[in-house]
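Enquirer: Quick one: the structure is below, and I'll ask about it shortly.
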Amino acid sequence: MKNLEQKLQEIRHDLHENPELSNEEYSTTGKLKNWLEEAGIHVLDTPLLRTGLVAQIGTGQAPIIAIRADIDALPIQEETGLSYSSQVAGKMHACGHDVHTAVILGAAYSLKEREEELSGTVRILFQPAEETGHGAKQIIESGGLEGVEAIFGLHNWPELAVGELGTRAGAITAGVDRFEITIKGTGAHAASPEKGTDSIVLASQIVLALQTISSRSISALESVVVSITRISGGNTWNVLPESVVLEGTVRTLNTSVQQEIPRRMDQILQGLAAAAGAEAQLHWYPGPPATINDSRWSEFMSVVAEEQGYRVLEIGPQMGGEDFSFYLQTIPGAFVMIGSGASYNLHHPKFAPDETLLLPAAEYFAALSVQALKELSK
């Protein structure tokens with residue numbers, strides 16, 4: 001395809017100007033379908049998918065590998081000042097999913113031109129709703145992974161320069177869970193706290209006690225973050241409120257530790273609430289587990305990246321989440337961070353990745369697909 005770099009930039013600008021939130025990516029899906037079909041790339045029939053799509057290139061036979069991009073945006077008002085800034089108030093591609101989509105679409109274009117070289121099939125996944133932590137499940141339930149033997153994905157990474165690629169064997173992103181704690185005491189006048197049960201004091205004790213989970217309940221060799229991110233209680237200065245709500249997140253790299261945290265949290269809540277003569281209830285919202293790279297495919301991705309001119313770095317695990325983890329629970333594969341050299345970090349209203357990463361990343365994922373099929377055909 002002539003001037004692929006320019007085409008990928010135009011596609012990325014279109015996506016960036018017209019962001020759509022999780023499970024609302026109808027226009028984005030329609031555009032992707034048109035772009036793929038214009039290039040002669042077959043889009044599979046996946047009636048269970050309301051948004052997002054699955055395409056296929058190659059023989060249609062085994063071995064089958066998959067490459068994935070996420071397509072949803074965030075509810076953030078853009079402040080980049082770019083000529084192609086979001087045209088939708090309060091919505092922005094502040095995580096670079098427009099970049100990921102353009103990269104994997106570029107890889108699909110390249111693979112289509114090299115289709116005769118393929119010793120098998122490449123499944124192209126354009127996944128909705130990554131930001132909800134559960135969009136990958138929609139692809140799995142749609143049959144998108146049927147017959148797939150290995151899967152590969154990427155995220156742009158502002159902390160790496162363009163031309164750098166980071167990965168590691170084992171956990172590369174964290175498991176992400178959300179929780180909400182409802183505390184019920186007895187309201188009272190602030191001048192007579194002994195006539196009530198102070199939910200504010202109990203909430204304060206709970207906030208501090210929850211920090212002992214990582215320091216005293218879990219091995220120091222494990223990575224655990226427990227963060228309280230919202231406290232809501234009371235509506236005036238001289239009344240002790242009846243109830244307080246706490247909200248937060250837990251990040252872990254080990255699935256068994258992830259499963260242990262809510263049990264330990266509830267123990268702490270019930271003990272402190274009983275001592276105060278109050279009630280506490282834990283509402284737990286499980287998110288994606290840690291993304292665990294298969295050592296074989298992580299090394300394979302690194303080797304191909306070096307052959308494609310990337311400076312490959314072994315990075316530490318990141319405590320952010322990624323629902324690519326659900327794919328890796330199902331089949332082996334690996335995930336990489338590709339340098340985007342942005343001045344502002346992910347989810348910032350001024351986040352602006354360096355889009356010179358587009359063409360090299362697209363060529364990398366095309367080469368990776370070709371070589372992965374050869375590896376599986378041995």
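Within each chain, counting starts at residue 1; across the structure tokens, chains are named A, B, ... in the order shown, with ligands numbered 1 upward in that order.
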For Phe179 in chain A, please output as a PyMOL selection string all residues within 9 Å (counting only C-alpha atoms; exclusion window: fewer than 4 positions along the same chain).
Expert: chain A and resi 246-250+262+282-286
Enquirer: Those same residues - N, CA, C and O atoms - I'd like them written as a PDB file, in the first residue's frame.
Expert:
```pdb
ATOM      1  N   LEU A 246     -17.062   4.648  51.559  1.00  0.00           N
ATOM      2  CA  LEU A 246     -15.675   4.654  51.080  1.00  0.00           C
ATOM      3  C   LEU A 246     -15.621   3.904  49.755  1.00  0.00           C
ATOM      4  O   LEU A 246     -16.316   2.908  49.577  1.00  0.00           O
ATOM      5  N   GLU A 247     -14.787   4.364  48.862  1.00  0.00           N
ATOM      6  CA  GLU A 247     -14.605   3.662  47.587  1.00  0.00           C
ATOM      7  C   GLU A 247     -13.118   3.616  47.261  1.00  0.00           C
ATOM      8  O   GLU A 247     -12.365   4.511  47.658  1.00  0.00           O
ATOM      9  N   GLY A 248     -12.714   2.578  46.558  1.00  0.00           N
ATOM     10  CA  GLY A 248     -11.301   2.482  46.224  1.00  0.00           C
ATOM     11  C   GLY A 248     -10.992   1.342  45.284  1.00  0.00           C
ATOM     12  O   GLY A 248     -11.889   0.723  44.692  1.00  0.00           O
ATOM     13  N   THR A 249      -9.704   1.052  45.172  1.00  0.00           N
ATOM     14  CA  THR A 249      -9.247   0.011  44.249  1.00  0.00           C
ATOM     15  C   THR A 249      -8.126  -0.793  44.884  1.00  0.00           C
ATOM     16  O   THR A 249      -7.371  -0.291  45.730  1.00  0.00           O
ATOM     17  N   VAL A 250      -8.018  -2.042  44.465  1.00  0.00           N
ATOM     18  CA  VAL A 250      -6.930  -2.936  44.867  1.00  0.00           C
ATOM     19  C   VAL A 250      -6.199  -3.385  43.618  1.00  0.00           C
ATOM     20  O   VAL A 250      -6.830  -3.767  42.623  1.00  0.00           O
ATOM     21  N   PRO A 262     -10.331  -9.564  49.355  1.00  0.00           N
ATOM     22  CA  PRO A 262     -11.662  -9.237  49.877  1.00  0.00           C
ATOM     23  C   PRO A 262     -12.001  -9.955  51.179  1.00  0.00           C
ATOM     24  O   PRO A 262     -12.701  -9.393  52.032  1.00  0.00           O
ATOM     25  N   LEU A 282     -19.120  -4.634  52.759  1.00  0.00           N
ATOM     26  CA  LEU A 282     -18.183  -4.555  51.643  1.00  0.00           C
ATOM     27  C   LEU A 282     -18.876  -4.961  50.345  1.00  0.00           C
ATOM     28  O   LEU A 282     -19.480  -6.032  50.269  1.00  0.00           O
ATOM     29  N   HIS A 283     -18.799  -4.100  49.355  1.00  0.00           N
ATOM     30  CA  HIS A 283     -19.292  -4.426  48.016  1.00  0.00           C
ATOM     31  C   HIS A 283     -18.053  -4.557  47.123  1.00  0.00           C
ATOM     32  O   HIS A 283     -17.307  -3.589  46.945  1.00  0.00           O
ATOM     33  N   TRP A 284     -17.836  -5.736  46.566  1.00  0.00           N
ATOM     34  CA  TRP A 284     -16.617  -6.037  45.799  1.00  0.00           C
ATOM     35  C   TRP A 284     -16.957  -6.185  44.324  1.00  0.00           C
ATOM     36  O   TRP A 284     -17.874  -6.917  43.960  1.00  0.00           O
ATOM     37  N   TYR A 285     -16.224  -5.471  43.477  1.00  0.00           N
ATOM     38  CA  TYR A 285     -16.469  -5.504  42.036  1.00  0.00           C
ATOM     39  C   TYR A 285     -15.209  -6.026  41.337  1.00  0.00           C
ATOM     40  O   TYR A 285     -14.275  -5.259  41.071  1.00  0.00           O
ATOM     41  N   PRO A 286     -15.162  -7.332  41.076  1.00  0.00           N
ATOM     42  CA  PRO A 286     -13.939  -7.907  40.495  1.00  0.00           C
ATOM     43  C   PRO A 286     -13.672  -7.396  39.084  1.00  0.00           C
ATOM     44  O   PRO A 286     -14.591  -7.278  38.264  1.00  0.00           O
TER      45      PRO A 286
END
```
Enquirer: Which residue gives the smallest distance to Ile67 in chain A among A:Thr29, A:Ser369, A:Asn34, A:Gln270, with only C-alpha atoms counted?
Expert: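 Once distances to Ile67 in chain A are computed over only C-alpha atoms, the minimum belongs to A:Ser369.
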Enquirer: My list of candidates is A:Gly170, A:Gly120, A:Gly233, A:Pro128. Which is closest to Glu314 in chain A when distances are computed with only C-alpha atoms?
Expert: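 Answer, going by the shortest atom-to-atom distance: A:Gly170.
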Enquirer: When you count only C-alpha atoms, which of these residues is closest to Pro63 in chain A: A:Val245, A:Val122, A:Leu221, A:Ala171?
Expert: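 Among the listed residues, A:Val122 lies closest to Pro63 in chain A.
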Enquirer: For Glu146 in chain A, which residue out of A:Ser343, A:Thr46, A:Asn18, A:Gln211 is the nearest one, using only C-alpha atoms?
Expert: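 Nearest to Glu146 in chain A: A:Thr46.
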Enquirer: Tell me, as a list in words, which residues lie within 9 Å of Ala372 in chain A, counting only C-alpha atoms; anything in the same chain fewer than 6 positions away does not count.
Expert: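 Close residues of Ala372 in chain A: Ile65, Ala150, Trp297, Phe300 and Met301 of chain A.
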Enquirer: Taking into account only C-alpha atoms, which residue in the set A:Leu32, A:Ala66, A:Leu160, A:Ala274 is nearest to Ala366 in chain A?
Expert: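 When distances to Ala366 in chain A are compared using only C-alpha atoms, the smallest one comes from A:Ala66.
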